[in-house]
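S.K.: Structure supplied as data-v5.tsv; contents: TSV, N, CA and C atoms and all ligand atoms.
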```
chain	number	residue	atom	x	y	z
A	1	MET	N	13.95	-15.45	-6.72
A	1	MET	CA	13.01	-14.57	-6.01
A	1	MET	C	12.62	-13.40	-6.92
A	2	LYS	N	11.37	-13.04	-6.86
A	2	LYS	CA	10.84	-11.95	-7.68
A	2	LYS	C	11.43	-10.62	-7.23
A	3	LYS	N	11.87	-9.83	-8.20
A	3	LYS	CA	12.33	-8.49	-7.85
A	3	LYS	C	11.13	-7.63	-7.51
A	4	ILE	N	11.28	-6.75	-6.53
A	4	ILE	CA	10.13	-6.01	-6.07
A	4	ILE	C	9.94	-4.67	-6.77
A	5	ASN	N	11.01	-4.09	-7.27
A	5	ASN	CA	10.87	-2.77	-7.87
A	5	ASN	C	10.77	-2.89	-9.39
A	6	GLU	N	9.64	-3.38	-9.85
A	6	GLU	CA	9.41	-3.53	-11.27
A	6	GLU	C	7.97	-3.15	-11.56
A	7	SER	N	7.64	-2.97	-12.83
A	7	SER	CA	6.27	-2.60	-13.15
A	7	SER	C	5.36	-3.81	-12.97
A	8	PHE	N	4.12	-3.56	-12.62
A	8	PHE	CA	3.17	-4.64	-12.39
A	8	PHE	C	1.76	-4.08	-12.54
A	9	ASP	N	0.79	-4.96	-12.71
A	9	ASP	CA	-0.60	-4.54	-12.77
A	9	ASP	C	-1.21	-4.58	-11.38
A	10	CYS	N	-1.94	-3.54	-11.05
A	10	CYS	CA	-2.56	-3.47	-9.74
A	10	CYS	C	-3.59	-4.59	-9.58
A	11	ILE	N	-3.54	-5.31	-8.45
A	11	ILE	CA	-4.46	-6.41	-8.23
A	11	ILE	C	-5.85	-5.92	-7.84
A	12	HIS	N	-5.98	-4.62	-7.60
A	12	HIS	CA	-7.29	-4.10	-7.20
A	12	HIS	C	-7.96	-3.30	-8.31
A	13	CYS	N	-7.31	-2.24	-8.80
A	13	CYS	CA	-7.93	-1.40	-9.83
A	13	CYS	C	-7.44	-1.74	-11.23
A	14	GLY	N	-6.38	-2.54	-11.34
A	14	GLY	CA	-5.96	-3.06	-12.64
A	14	GLY	C	-5.08	-2.17	-13.49
A	15	ILE	N	-4.72	-0.99	-13.01
A	15	ILE	CA	-3.85	-0.15	-13.83
A	15	ILE	C	-2.44	-0.71	-13.84
A	16	SER	N	-1.72	-0.40	-14.88
A	16	SER	CA	-0.32	-0.81	-14.98
A	16	SER	C	0.53	0.19	-14.21
A	17	ILE	N	1.29	-0.30	-13.26
A	17	ILE	CA	2.05	0.57	-12.38
A	17	ILE	C	3.51	0.58	-12.81
A	18	PRO	N	4.03	1.75	-13.17
A	18	PRO	CA	5.42	1.81	-13.60
A	18	PRO	C	6.39	1.68	-12.44
A	19	LYS	N	7.61	1.39	-12.77
A	19	LYS	CA	8.65	1.38	-11.75
A	19	LYS	C	8.72	2.73	-11.06
A	20	ALA	N	8.88	2.72	-9.78
A	20	ALA	CA	9.07	3.98	-9.07
A	20	ALA	C	10.55	4.35	-9.11
A	21	ALA	N	10.81	5.61	-9.37
A	21	ALA	CA	12.18	6.06	-9.36
A	21	ALA	C	12.72	6.04	-7.93
A	22	LYS	N	13.84	5.43	-7.76
A	22	LYS	CA	14.59	5.42	-6.49
A	22	LYS	C	13.94	4.60	-5.37
A	23	THR	N	12.66	4.72	-5.19
A	23	THR	CA	12.06	3.99	-4.08
A	23	THR	C	11.53	2.64	-4.57
A	24	CYS	N	11.41	1.72	-3.66
A	24	CYS	CA	10.76	0.45	-3.96
A	24	CYS	C	9.27	0.61	-3.70
A	25	ARG	N	8.49	0.65	-4.78
A	25	ARG	CA	7.07	0.83	-4.61
A	25	ARG	C	6.44	-0.46	-4.11
A	26	ASN	N	5.52	-0.33	-3.19
A	26	ASN	CA	4.79	-1.54	-2.80
A	26	ASN	C	3.29	-1.31	-2.79
A	27	HIS	N	2.83	-0.13	-3.20
A	27	HIS	CA	1.39	0.05	-3.31
A	27	HIS	C	1.05	0.79	-4.60
A	28	CYS	N	-0.21	0.68	-4.99
A	28	CYS	CA	-0.67	1.27	-6.24
A	28	CYS	C	-0.82	2.79	-6.08
A	29	PRO	N	-0.29	3.60	-7.02
A	29	PRO	CA	-0.41	5.06	-6.91
A	29	PRO	C	-1.83	5.55	-7.15
A	30	ASN	N	-2.67	4.71	-7.72
A	30	ASN	CA	-4.03	5.11	-8.04
A	30	ASN	C	-5.03	4.76	-6.94
A	31	CYS	N	-4.98	3.53	-6.45
A	31	CYS	CA	-5.96	3.10	-5.44
A	31	CYS	C	-5.31	2.75	-4.11
A	32	PHE	N	-3.99	2.76	-4.03
A	32	PHE	CA	-3.22	2.53	-2.80
A	32	PHE	C	-3.31	1.10	-2.27
A	33	CYS	N	-3.83	0.20	-3.09
A	33	CYS	CA	-3.89	-1.19	-2.66
A	33	CYS	C	-2.52	-1.84	-2.83
A	34	SER	N	-2.20	-2.77	-1.95
A	34	SER	CA	-0.99	-3.56	-2.11
A	34	SER	C	-1.25	-4.96	-1.59
A	35	LEU	N	-0.34	-5.86	-1.85
A	35	LEU	CA	-0.47	-7.20	-1.31
A	35	LEU	C	0.35	-7.33	-0.04
A	36	HIS	N	-0.17	-8.06	0.92
A	36	HIS	CA	0.55	-8.29	2.15
A	36	HIS	C	1.62	-9.36	1.92
A	37	VAL	N	2.82	-8.90	1.64
A	37	VAL	CA	3.88	-9.85	1.32
A	37	VAL	C	5.06	-9.76	2.28
A	38	ASP	N	5.04	-8.82	3.18
A	38	ASP	CA	6.18	-8.70	4.09
A	38	ASP	C	6.06	-9.67	5.26
A	39	GLY	N	7.19	-10.22	5.65
A	39	GLY	CA	7.26	-10.94	6.91
A	39	GLY	C	7.53	-9.94	8.02
A	40	ASP	N	7.97	-10.42	9.14
A	40	ASP	CA	8.24	-9.52	10.26
A	40	ASP	C	9.51	-8.71	10.07
A	41	ILE	N	10.39	-9.19	9.23
A	41	ILE	CA	11.63	-8.46	8.96
A	41	ILE	C	11.37	-7.48	7.83
A	42	PRO	N	11.57	-6.17	8.05
A	42	PRO	CA	11.31	-5.20	6.97
A	42	PRO	C	12.10	-5.54	5.72
A	43	GLY	N	11.42	-5.54	4.59
A	43	GLY	CA	12.09	-5.83	3.33
A	43	GLY	C	12.19	-7.30	3.02
A	44	ASP	N	11.83	-8.16	3.97
A	44	ASP	CA	11.85	-9.60	3.72
A	44	ASP	C	10.57	-9.99	2.99
A	45	ARG	N	10.65	-10.42	1.78
A	45	ARG	CA	9.46	-10.76	1.02
A	45	ARG	C	9.37	-12.25	0.77
A	46	SER	N	9.77	-13.02	1.74
A	46	SER	CA	9.68	-14.47	1.60
A	46	SER	C	8.23	-14.91	1.46
A	47	ALA	N	7.95	-15.70	0.42
A	47	ALA	CA	6.58	-16.16	0.19
A	47	ALA	C	6.10	-17.06	1.32
A	48	LEU	N	7.02	-17.69	2.02
A	48	LEU	CA	6.65	-18.63	3.08
A	48	LEU	C	5.92	-17.94	4.23
A	49	VAL	N	6.31	-16.69	4.52
A	49	VAL	CA	5.69	-16.01	5.64
A	49	VAL	C	4.65	-14.99	5.19
A	50	SER	N	4.44	-14.88	3.89
A	50	SER	CA	3.52	-13.86	3.40
A	50	SER	C	2.09	-14.37	3.39
A	51	CYS	N	1.15	-13.47	3.59
A	51	CYS	CA	-0.26	-13.89	3.63
A	51	CYS	C	-0.97	-13.59	2.32
A	52	TRP	N	-0.46	-12.66	1.52
A	52	TRP	CA	-1.00	-12.33	0.20
A	52	TRP	C	-2.42	-11.77	0.26
A	53	GLY	N	-2.87	-11.31	1.42
A	53	GLY	CA	-4.13	-10.59	1.48
A	53	GLY	C	-3.95	-9.21	0.87
A	54	LYS	N	-5.06	-8.57	0.52
A	54	LYS	CA	-4.99	-7.20	0.01
A	54	LYS	C	-4.88	-6.23	1.18
A	55	MET	N	-3.95	-5.29	1.04
A	55	MET	CA	-3.80	-4.25	2.06
A	55	MET	C	-4.36	-2.94	1.52
A	56	PHE	N	-5.13	-2.26	2.36
A	56	PHE	CA	-5.74	-0.99	1.97
A	56	PHE	C	-5.37	0.09	2.99
A	57	PRO	N	-5.31	1.35	2.53
A	57	PRO	CA	-5.05	2.44	3.48
A	57	PRO	C	-6.25	2.63	4.40
A	58	ILE	N	-6.00	2.80	5.68
A	58	ILE	CA	-7.11	3.05	6.60
A	58	ILE	C	-7.01	4.42	7.26
A	59	GLU	N	-5.83	5.01	7.30
A	59	GLU	CA	-5.70	6.37	7.79
A	59	GLU	C	-4.36	6.93	7.33
A	60	TYR	N	-4.22	8.25	7.44
A	60	TYR	CA	-2.95	8.85	7.10
A	60	TYR	C	-2.74	10.06	7.99
A	61	LYS	N	-1.51	10.50	8.11
A	61	LYS	CA	-1.23	11.74	8.81
A	61	LYS	C	-0.04	12.42	8.16
A	62	MET	N	0.06	13.71	8.41
A	62	MET	CA	1.19	14.45	7.89
A	62	MET	C	2.30	14.43	8.93
A	63	LEU	N	3.49	14.12	8.47
A	63	LEU	CA	4.65	14.10	9.36
A	63	LEU	C	5.81	14.73	8.60
A	64	ASN	N	6.34	15.82	9.13
A	64	ASN	CA	7.41	16.54	8.44
A	64	ASN	C	7.03	16.87	7.00
A	65	SER	N	5.80	17.36	6.82
A	65	SER	CA	5.22	17.72	5.53
A	65	SER	C	5.23	16.58	4.52
A	66	ASP	N	5.21	15.36	5.02
A	66	ASP	CA	5.06	14.21	4.15
A	66	ASP	C	3.91	13.35	4.67
A	67	TYR	N	3.33	12.58	3.79
A	67	TYR	CA	2.24	11.71	4.20
A	67	TYR	C	2.78	10.41	4.77
A	68	LYS	N	2.26	10.04	5.93
A	68	LYS	CA	2.49	8.70	6.47
A	68	LYS	C	1.17	7.97	6.38
A	69	ILE	N	1.15	6.87	5.69
A	69	ILE	CA	-0.10	6.16	5.45
A	69	ILE	C	-0.09	4.85	6.24
A	70	LEU	N	-1.22	4.61	6.93
A	70	LEU	CA	-1.36	3.35	7.66
A	70	LEU	C	-2.20	2.40	6.82
A	71	PHE	N	-1.62	1.25	6.50
A	71	PHE	CA	-2.32	0.24	5.72
A	71	PHE	C	-2.73	-0.91	6.64
A	72	GLN	N	-3.83	-1.54	6.28
A	72	GLN	CA	-4.22	-2.74	7.02
A	72	GLN	C	-4.57	-3.85	6.05
A	73	CYS	N	-4.16	-5.07	6.40
A	73	CYS	CA	-4.45	-6.23	5.57
A	73	CYS	C	-5.90	-6.66	5.79
A	74	SER	N	-6.64	-6.82	4.67
A	74	SER	CA	-8.05	-7.19	4.78
A	74	SER	C	-8.22	-8.67	5.11
A	75	LYS	N	-7.13	-9.43	5.08
A	75	LYS	CA	-7.21	-10.86	5.36
A	75	LYS	C	-6.80	-11.18	6.80
A	76	CYS	N	-5.62	-10.70	7.20
A	76	CYS	CA	-5.13	-11.08	8.53
A	76	CYS	C	-5.18	-9.92	9.51
A	77	GLY	N	-5.45	-8.70	9.02
A	77	GLY	CA	-5.61	-7.57	9.92
A	77	GLY	C	-4.32	-6.87	10.33
A	78	LYS	N	-3.20	-7.33	9.82
A	78	LYS	CA	-1.94	-6.72	10.18
A	78	LYS	C	-1.85	-5.29	9.65
A	79	GLN	N	-1.29	-4.42	10.47
A	79	GLN	CA	-1.15	-3.02	10.07
A	79	GLN	C	0.30	-2.71	9.74
A	80	HIS	N	0.47	-1.73	8.88
A	80	HIS	CA	1.79	-1.45	8.34
A	80	HIS	C	1.82	0.00	7.90
A	81	ARG	N	2.81	0.76	8.34
A	81	ARG	CA	2.93	2.15	7.95
A	81	ARG	C	3.89	2.31	6.81
A	82	ASN	N	3.57	3.26	5.92
A	82	ASN	CA	4.46	3.50	4.80
A	82	ASN	C	4.38	4.97	4.42
A	83	LYS	N	5.46	5.48	3.85
A	83	LYS	CA	5.41	6.82	3.27
A	83	LYS	C	4.74	6.73	1.91
A	84	ARG	N	4.22	7.85	1.47
A	84	ARG	CA	3.70	7.92	0.10
A	84	ARG	C	4.85	7.76	-0.88
A	85	ALA	N	4.53	7.28	-2.06
A	85	ALA	CA	5.49	7.34	-3.15
A	85	ALA	C	5.27	8.66	-3.87
A	86	ILE	N	6.26	9.11	-4.61
A	86	ILE	CA	6.26	10.46	-5.17
A	86	ILE	C	5.11	10.70	-6.14
A	87	ASP	N	4.66	9.66	-6.85
A	87	ASP	CA	3.58	9.85	-7.82
A	87	ASP	C	2.23	9.34	-7.32
A	88	ASP	N	2.12	9.11	-6.03
A	88	ASP	CA	0.83	8.70	-5.48
A	88	ASP	C	-0.22	9.78	-5.65
A	89	GLU	N	-1.46	9.36	-5.90
A	89	GLU	CA	-2.57	10.30	-6.02
A	89	GLU	C	-3.11	10.63	-4.63
A	90	VAL	N	-2.30	11.36	-3.84
A	90	VAL	CA	-2.67	11.57	-2.45
A	90	VAL	C	-3.93	12.40	-2.27
A	91	THR	N	-4.29	13.19	-3.29
A	91	THR	CA	-5.52	13.98	-3.16
A	91	THR	C	-6.74	13.06	-3.10
A	92	LYS	N	-6.62	11.84	-3.63
A	92	LYS	CA	-7.73	10.89	-3.59
A	92	LYS	C	-7.77	10.11	-2.29
A	93	LEU	N	-6.74	10.21	-1.50
A	93	LEU	CA	-6.60	9.32	-0.35
A	93	LEU	C	-7.75	9.40	0.67
A	94	PRO	N	-8.17	10.59	1.07
A	94	PRO	CA	-9.26	10.63	2.07
A	94	PRO	C	-10.52	9.93	1.58
A	95	GLU	N	-10.85	10.11	0.31
A	95	GLU	CA	-12.05	9.48	-0.25
A	95	GLU	C	-11.87	7.97	-0.37
A	96	LEU	N	-10.68	7.56	-0.76
A	96	LEU	CA	-10.41	6.12	-0.88
A	96	LEU	C	-10.50	5.43	0.47
A	97	ILE	N	-9.98	6.08	1.49
A	97	ILE	CA	-10.03	5.48	2.82
A	97	ILE	C	-11.47	5.21	3.23
A	98	LYS	N	-12.37	6.15	2.89
A	98	LYS	CA	-13.79	5.94	3.20
A	98	LYS	C	-14.35	4.74	2.45
A	99	THR	N	-13.98	4.60	1.17
A	99	THR	CA	-14.54	3.50	0.39
A	99	THR	C	-13.99	2.15	0.84
A	100	TYR	N	-12.82	2.14	1.46
A	100	TYR	CA	-12.23	0.88	1.90
A	100	TYR	C	-12.69	0.49	3.31
A	101	HIS	N	-13.41	1.39	3.93
A	101	HIS	CA	-13.80	1.17	5.32
A	101	HIS	C	-14.55	-0.15	5.52
A	102	HIS	N	-15.36	-0.50	4.53
A	102	HIS	CA	-16.20	-1.70	4.67
A	102	HIS	C	-15.38	-2.99	4.72
A	103	PHE	N	-14.13	-2.96	4.28
A	103	PHE	CA	-13.30	-4.16	4.37
A	103	PHE	C	-12.94	-4.48	5.81
A	104	PHE	N	-13.10	-3.51	6.69
A	104	PHE	CA	-12.60	-3.67	8.06
A	104	PHE	C	-13.70	-3.55	9.10
A	105	GLN	N	-14.93	-3.88	8.73
A	105	GLN	CA	-16.03	-3.83	9.69
A	105	GLN	C	-15.94	-4.99	10.66
B	1	ZN	ZN	-4.71	0.17	-7.95
B	2	ZN	ZN	-2.18	-10.26	5.81
```
In structure tokens, how does this file's structure come out?

M.R.:
Amino acid sequence: MKKINESFDCIHCGISIPKAAKTCRNHCPNCFCSLHVDGDIPGDRSALVSCWGKMFPIEYKMLNSDYKILFQCSKCGKQHRNKRAIDDEVTKLPELIKTYHHFFQ
């Protein structure tokens, strides 16, 4: 099984994403795109239950002075909440959410 906390190239914007310290990164710090790989069990990344659609942020809110980001899969529509990673470009998030809006019309 593929290890999840390793460097990889973003499937959307193409930047090389370094390993995140301490946390298991699952989205790109630059464009916030990720692949829908989780099953119903948190942390279960079995390929059998994964849809591999692209997930994009659709909204966010502040909770305890941290960002909670709501992602939605552009293929199956499943929604998923996640905290920001420490090096995420959160200042870009409101603008990015607008640009991703068309995936969910
Ligand atoms: Zn990216
Ligand atoms: Zn999906």

S.K.: Rounded to one decimal place, report the atom N of Leu70 of chain A-atom C of Ser50 of chain A distance in Å.

M.R.: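 One can read the atom N of Leu70 of chain A to atom C of Ser50 of chain A distance as 19.6 Å.
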
S.K.: As a PyMOL selection string, list the residues of segment 43-88 of chain A assigned to strand (DSSP E) by DSSP on the backbone atoms of this structure.

M.R.: chain A and resi 54-63+66-73+79-83

S.K.: Let me make sure I understand: among A:Glu95, A:His36, A:Ser7, A:Asp66, which one has the smallest atom-to-atom distance to Trp52 of chain A if we use all atoms listed in the file?

M.R.: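 Closest candidate: A:His36.
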
S.K.: Once you count all atoms listed in the file, which residues end up no further than 5 Å from (3.9, 0.6, -12.8) in the file's frame, shown as a list in words?

M.R.: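 Here is the list of nearby residues: Ser7, Phe8, Ser16, Ile17, Pro18 and Lys19 of chain A.
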
S.K.: Go through the chains and note each residue within 8 Å of ligand ZN 1 (chain B), using only C-alpha atoms and all ligand atoms, then give the set as a PyMOL selection string.

M.R.: chain A and resi 9-15+27-34

S.K.: Rounded to one decimal, what separation in Å do you get between atom C of Ile97 of chain A and atom CA of Pro57 of chain A?

M.R.: 7.0 Å

S.K.: Could the residues that lie within 5 Å of ligand ZN 2 (chain B), counting all atoms listed in the file, be listed as a PDB file with N, CA and C atoms, keeping the file's coordinate frame?

M.R.:
```pdb
ATOM      1  N   HIS A  36      -0.170  -8.060   0.920  1.00  0.00           N
ATOM      2  CA  HIS A  36       0.550  -8.290   2.150  1.00  0.00           C
ATOM      3  C   HIS A  36       1.620  -9.360   1.920  1.00  0.00           C
ATOM      4  N   CYS A  51       1.150 -13.470   3.590  1.00  0.00           N
ATOM      5  CA  CYS A  51      -0.260 -13.890   3.630  1.00  0.00           C
ATOM      6  C   CYS A  51      -0.970 -13.590   2.320  1.00  0.00           C
ATOM      7  N   GLY A  53      -2.870 -11.310   1.420  1.00  0.00           N
ATOM      8  CA  GLY A  53      -4.130 -10.590   1.480  1.00  0.00           C
ATOM      9  C   GLY A  53      -3.950  -9.210   0.870  1.00  0.00           C
ATOM     10  N   CYS A  73      -4.160  -5.070   6.400  1.00  0.00           N
ATOM     11  CA  CYS A  73      -4.450  -6.230   5.570  1.00  0.00           C
ATOM     12  C   CYS A  73      -5.900  -6.660   5.790  1.00  0.00           C
ATOM     13  N   LYS A  75      -7.130  -9.430   5.080  1.00  0.00           N
ATOM     14  CA  LYS A  75      -7.210 -10.860   5.360  1.00  0.00           C
ATOM     15  C   LYS A  75      -6.800 -11.180   6.800  1.00  0.00           C
ATOM     16  N   CYS A  76      -5.620 -10.700   7.200  1.00  0.00           N
ATOM     17  CA  CYS A  76      -5.130 -11.080   8.530  1.00  0.00           C
ATOM     18  C   CYS A  76      -5.180  -9.920   9.510  1.00  0.00           C
ATOM     19  N   GLY A  77      -5.450  -8.700   9.020  1.00  0.00           N
ATOM     20  CA  GLY A  77      -5.610  -7.570   9.920  1.00  0.00           C
ATOM     21  C   GLY A  77      -4.320  -6.870  10.330  1.00  0.00           C
TER      22      GLY A  77
END
```

S.K.: Atom CA of Ala85 of chain A to atom CA of Gln105 of chain A: how many Å, to one decimal?

M.R.: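 It comes out at 27.4 Å.
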
S.K.: So which residues touch Tyr67 of chain A within 8 Å, counting all atoms listed in the file, skipping near sequence neighbours fewer than 2 positions away, as a ChimeraX atom specification?

M.R.: /A:60-65,69-70,82-85

S.K.: Could you please take those selected residues and save N, CA and C atoms as an mmCIF file, in the coordinates of the input?

M.R.:
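Writing the result to out_16.cif gives the following:
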```cif
data_model
loop_
_atom_site.group_PDB
_atom_site.id
_atom_site.type_symbol
_atom_site.label_atom_id
_atom_site.label_comp_id
_atom_site.auth_asym_id
_atom_site.auth_seq_id
_atom_site.Cartn_x
_atom_site.Cartn_y
_atom_site.Cartn_z
ATOM 1 N N TYR A 60 -4.220 8.250 7.440
ATOM 2 C CA TYR A 60 -2.950 8.850 7.100
ATOM 3 C C TYR A 60 -2.740 10.060 7.990
ATOM 4 N N LYS A 61 -1.510 10.500 8.110
ATOM 5 C CA LYS A 61 -1.230 11.740 8.810
ATOM 6 C C LYS A 61 -0.040 12.420 8.160
ATOM 7 N N MET A 62 0.060 13.710 8.410
ATOM 8 C CA MET A 62 1.190 14.450 7.890
ATOM 9 C C MET A 62 2.300 14.430 8.930
ATOM 10 N N LEU A 63 3.490 14.120 8.470
ATOM 11 C CA LEU A 63 4.650 14.100 9.360
ATOM 12 C C LEU A 63 5.810 14.730 8.600
ATOM 13 N N ASN A 64 6.340 15.820 9.130
ATOM 14 C CA ASN A 64 7.410 16.540 8.440
ATOM 15 C C ASN A 64 7.030 16.870 7.000
ATOM 16 N N SER A 65 5.800 17.360 6.820
ATOM 17 C CA SER A 65 5.220 17.720 5.530
ATOM 18 C C SER A 65 5.230 16.580 4.520
ATOM 19 N N ILE A 69 1.150 6.870 5.690
ATOM 20 C CA ILE A 69 -0.100 6.160 5.450
ATOM 21 C C ILE A 69 -0.090 4.850 6.240
ATOM 22 N N LEU A 70 -1.220 4.610 6.930
ATOM 23 C CA LEU A 70 -1.360 3.350 7.660
ATOM 24 C C LEU A 70 -2.200 2.400 6.820
ATOM 25 N N ASN A 82 3.570 3.260 5.920
ATOM 26 C CA ASN A 82 4.460 3.500 4.800
ATOM 27 C C ASN A 82 4.380 4.970 4.420
ATOM 28 N N LYS A 83 5.460 5.480 3.850
ATOM 29 C CA LYS A 83 5.410 6.820 3.270
ATOM 30 C C LYS A 83 4.740 6.730 1.910
ATOM 31 N N ARG A 84 4.220 7.850 1.470
ATOM 32 C CA ARG A 84 3.700 7.920 0.100
ATOM 33 C C ARG A 84 4.850 7.760 -0.880
ATOM 34 N N ALA A 85 4.530 7.280 -2.060
ATOM 35 C CA ALA A 85 5.490 7.340 -3.150
ATOM 36 C C ALA A 85 5.270 8.660 -3.870
#
```

S.K.: Would you mind telling me which residue in A:Ser74, A:Gln79, A:Thr91, A:Asn26 lies nearest to Phe56 of chain A when using only N, CA and C atoms?

M.R.: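 So, comparing all the options, the nearest one is A:Ser74.
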
S.K.: Counting only C-alpha atoms, which residue out of A:Gln72, A:Leu35, A:Lys78, A:Ile58 sits closest to Lys98 of chain A?

M.R.: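 Counting only C-alpha atoms, the residue closest to Lys98 of chain A is A:Ile58.
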